[in-house]
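Q: Before we start, here is the structure in question, set down as structure tokens.
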Amino acid sequence: MEYRKLGKTGYEVSAISLGTWQVGGKWGDDFSATNAIRILGEAVDNGINFIDTADVYSDGDSEKAVGNFVRSRSEKIYVATKCGRQLNPHISKAYQPAVLRKFVENSLKNMGLETIDLIQLHCPPTDVYYRPEIFELFDRLKNEGKIQNLGISVERVEEALKGIEYENVTTVQIIFNMLRQRPAEFFFEQAKKKDIGVIVRVPLASGLLTGKFTKDSTFTSGDHRNFNRNGEAFDKGETFSGIDYIKGLEAVEALKAVFPIDQNLAQLALKWILQYDAVSCIIPGASSQEQVSSNLQCLSLPNITKEQQAQIKVIYEQYIKQYVHQLW
């Protein structure tokens, strides 16, 4: 396992870590605590020491499974969770210090932990980043020992840049992959200057970058890849990185041609991200132990060559850039 410093937290975290949006079940399926424990065990047994969850994942069941698992292990496992998405309507006005405090305290109870290593605002509306009282709350929670660090999970580069103006923000979780390249343009440079940990989510563009989907692929009714392609439930950038499904398939076919036919595109997509030194860790999800194992194999791949990187850039500019670049 490769470990990298997570910005101002000082934590040394596994370059490939674990996101738990679909741990315990595929998107849209019922949660299985047994499957969750198997996945978490596979991850930690192979050196993963950073787990990202949220209070809204499976209505708190993900947090509970993560907490139960972490308490059962002797290794140091860093736990990150998120707060804010329970608000309904999810608007800036609903973000109030007292409400967020309650969310954090509920997460502590869910996980059975004394403190949260990293609490993250969960993709709040842009206006929240202009409200210092929201960020001041987390200084108080840190002084009380309920959290150790504050981070932000963002939809847009502009939100990331505004958020890191707050001294107590230590990490930014952001979408970055072969089909969503804008963060590398300017944000990564600023993150390095301010010693901000960068946590990359949606690294495989909701599975598009596995190269396994076709125009005939189907998804269950509860899967966001079925019901949120146009942002019906939340920011459409979370689903296939905001890319039209058919256009995404065309780009993936072009990407496949960059590499030998027998190479695993998903692993190459993860390797591509890790070659950016601003990235602290990637948090691909997994709905099985096999997916965890496959993700980790990217660490043993040789670096993607400069020629291949240039081809990937051309494909992005030809197929993707005009549709997504300035939106997020």
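Ordering of the structure tokens sets the chain letters (A, B, ...); residue numbers start at 1 within each chain; ligands are numbered from 1 in the order shown.
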Would you please give, as a PyMOL selection string, all residues of segment 221-263 of chain A that DSSP assigns to alpha helix (DSSP H) based on the backbone?

A: chain A and resi 224-227+245-256

Q: For Asp61 of chain A, list every protein, DNA or RNA residue within 12 Å, evaluated using only C-alpha atoms, and leave out those in the same chain fewer than 2 positions away; present the list as a VMD selection string.

A: chain A and resid 20 to 25 30 to 34 36 to 37 53 to 59 63 to 68 107 109 to 111

Q: Filtering to C-alpha atoms, could you give me those residues as a CSV table (one decimal), in the first residue's frame?

A:
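Ended up saving to result.csv:
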chain,number,residue,atom,x,y,z
A,20,THR,CA,-19.1,3.6,1.4
A,21,TRP,CA,-22.1,5.1,-0.5
A,22,GLN,CA,-22.9,1.6,-1.8
A,23,VAL,CA,-21.1,-0.6,0.8
A,24,GLY,CA,-23.5,-3.2,2.0
A,25,GLY,CA,-25.5,-3.3,-1.3
A,30,ASP,CA,-31.2,-3.2,0.4
A,31,PHE,CA,-28.4,-2.6,2.8
A,32,SER,CA,-26.6,-5.8,4.1
A,33,ALA,CA,-24.5,-5.3,7.3
A,34,THR,CA,-22.9,-8.7,6.6
A,36,ALA,CA,-20.5,-4.3,4.5
A,37,ILE,CA,-18.3,-6.0,7.1
A,53,THR,CA,-19.1,7.5,4.9
A,54,ALA,CA,-22.1,9.9,5.5
A,55,ASP,CA,-25.1,10.1,7.7
A,56,VAL,CA,-27.4,9.8,4.7
A,57,TYR,CA,-25.9,6.6,3.3
A,58,SER,CA,-28.5,3.9,3.8
A,59,ASP,CA,-30.2,6.2,6.3
A,63,GLU,CA,-22.2,4.8,9.6
A,64,LYS,CA,-23.3,2.1,12.0
A,65,ALA,CA,-21.5,-0.6,10.0
A,66,VAL,CA,-18.4,1.5,9.8
A,67,GLY,CA,-18.4,2.2,13.5
A,68,ASN,CA,-19.0,-1.4,14.5
A,107,SER,CA,-23.1,10.5,13.8
A,109,LYS,CA,-23.9,7.9,18.4
A,110,ASN,CA,-24.4,6.0,15.1
A,111,MET,CA,-20.7,5.0,15.0

Q: If we count only C-alpha atoms, what is near Leu118 of chain A at a cut-off of 7 Å, once residues fewer than 3 positions away on the same chain are taken out, given as an MDAnalysis selection string?

A: chainID A and resid 79:81 147:151

Q: Include C-alpha atoms and write out the residues we just selected as a CSV table (one decimal), in the first residue's frame.

A:
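Resulting contents of out-v1.csv:
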chain,number,residue,atom,x,y,z
A,79,VAL,CA,-13.1,7.7,9.8
A,80,ALA,CA,-14.5,10.5,7.7
A,81,THR,CA,-18.2,11.2,7.6
A,147,ILE,CA,-14.2,16.2,15.9
A,148,GLN,CA,-10.6,16.4,15.0
A,149,ASN,CA,-10.8,18.0,11.6
A,150,LEU,CA,-13.2,19.8,9.2
A,151,GLY,CA,-13.4,19.2,5.5

Q: If you count only C-alpha atoms, which residues fall within 10 Å of Tyr130 of chain A, apart from same-chain ones fewer than 2 positions away, as an mmCIF file with C-alpha atoms, in the first residue's frame?

A:
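Generated file (selection_13.cif):
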data_model
loop_
_atom_site.group_PDB
_atom_site.id
_atom_site.type_symbol
_atom_site.label_atom_id
_atom_site.label_comp_id
_atom_site.auth_asym_id
_atom_site.auth_seq_id
_atom_site.Cartn_x
_atom_site.Cartn_y
_atom_site.Cartn_z
ATOM 1 C CA SER A 92 -28.596 27.590 2.627
ATOM 2 C CA THR A 126 -22.883 27.556 -2.679
ATOM 3 C CA ASP A 127 -24.183 30.328 -0.388
ATOM 4 C CA VAL A 128 -23.119 28.353 2.693
ATOM 5 C CA PRO A 132 -18.457 32.230 8.492
ATOM 6 C CA GLU A 133 -20.714 31.230 11.388
ATOM 7 C CA ILE A 134 -21.133 27.785 9.850
ATOM 8 C CA PHE A 135 -17.392 27.206 9.763
ATOM 9 C CA GLU A 159 -16.850 26.120 -3.970
ATOM 10 C CA LYS A 162 -13.916 29.559 -1.536
ATOM 11 C CA GLY A 163 -13.973 26.865 1.139
#

Q: Between A:Pro284, A:Gly145, A:Pro183, A:Gly197, which has the minimum distance to Glu114 of chain A (counting only C-alpha atoms)?

A: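 The shortest atom-to-atom distance to Glu114 of chain A comes from A:Gly145.
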
Q: Tell me, in Å to one decimal, how far atom CA of Pro124 of chain A is from atom CA of Phe187 of chain A.

A: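 So the two atoms, atom CA of Pro124 of chain A and atom CA of Phe187 of chain A, lie 18.5 Å apart.
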
Q: Check segment 91-278 of chain A with DSSP on the backbone and list each residue it calls strand (DSSP E or B), as a PyMOL selection string.

A: chain A and resi 116+118-122+147+150-153+169-175+177+180+197-201

Q: Counting only C-alpha atoms, what is within 12 Å of Pro302 of chain A, bar same-chain residues fewer than 2 positions away, as number ranges by chain?

A: A: 263, 267-268, 271-272, 274-275, 297-300, 304-305

Q: Find the residue from A:Val157, A:Ile261, A:Ala286, A:Ile273 that sits nearest to Gln173 of chain A; use only C-alpha atoms when measuring.

A: A:Val157

Q: To one decimal in Å, tell me the separation between atom CA of Lys8 of chain A and atom CA of Glu165 of chain A.

A: 13.6 Å

Q: With only C-alpha atoms as the counted atoms, please give the residues lying no more than 6 Å from Leu18 of chain A, apart from itself and same-chain residues fewer than 4 positions off, as a list in words.

A: Ile51, Ile283, Pro284 and Gly285 of chain A
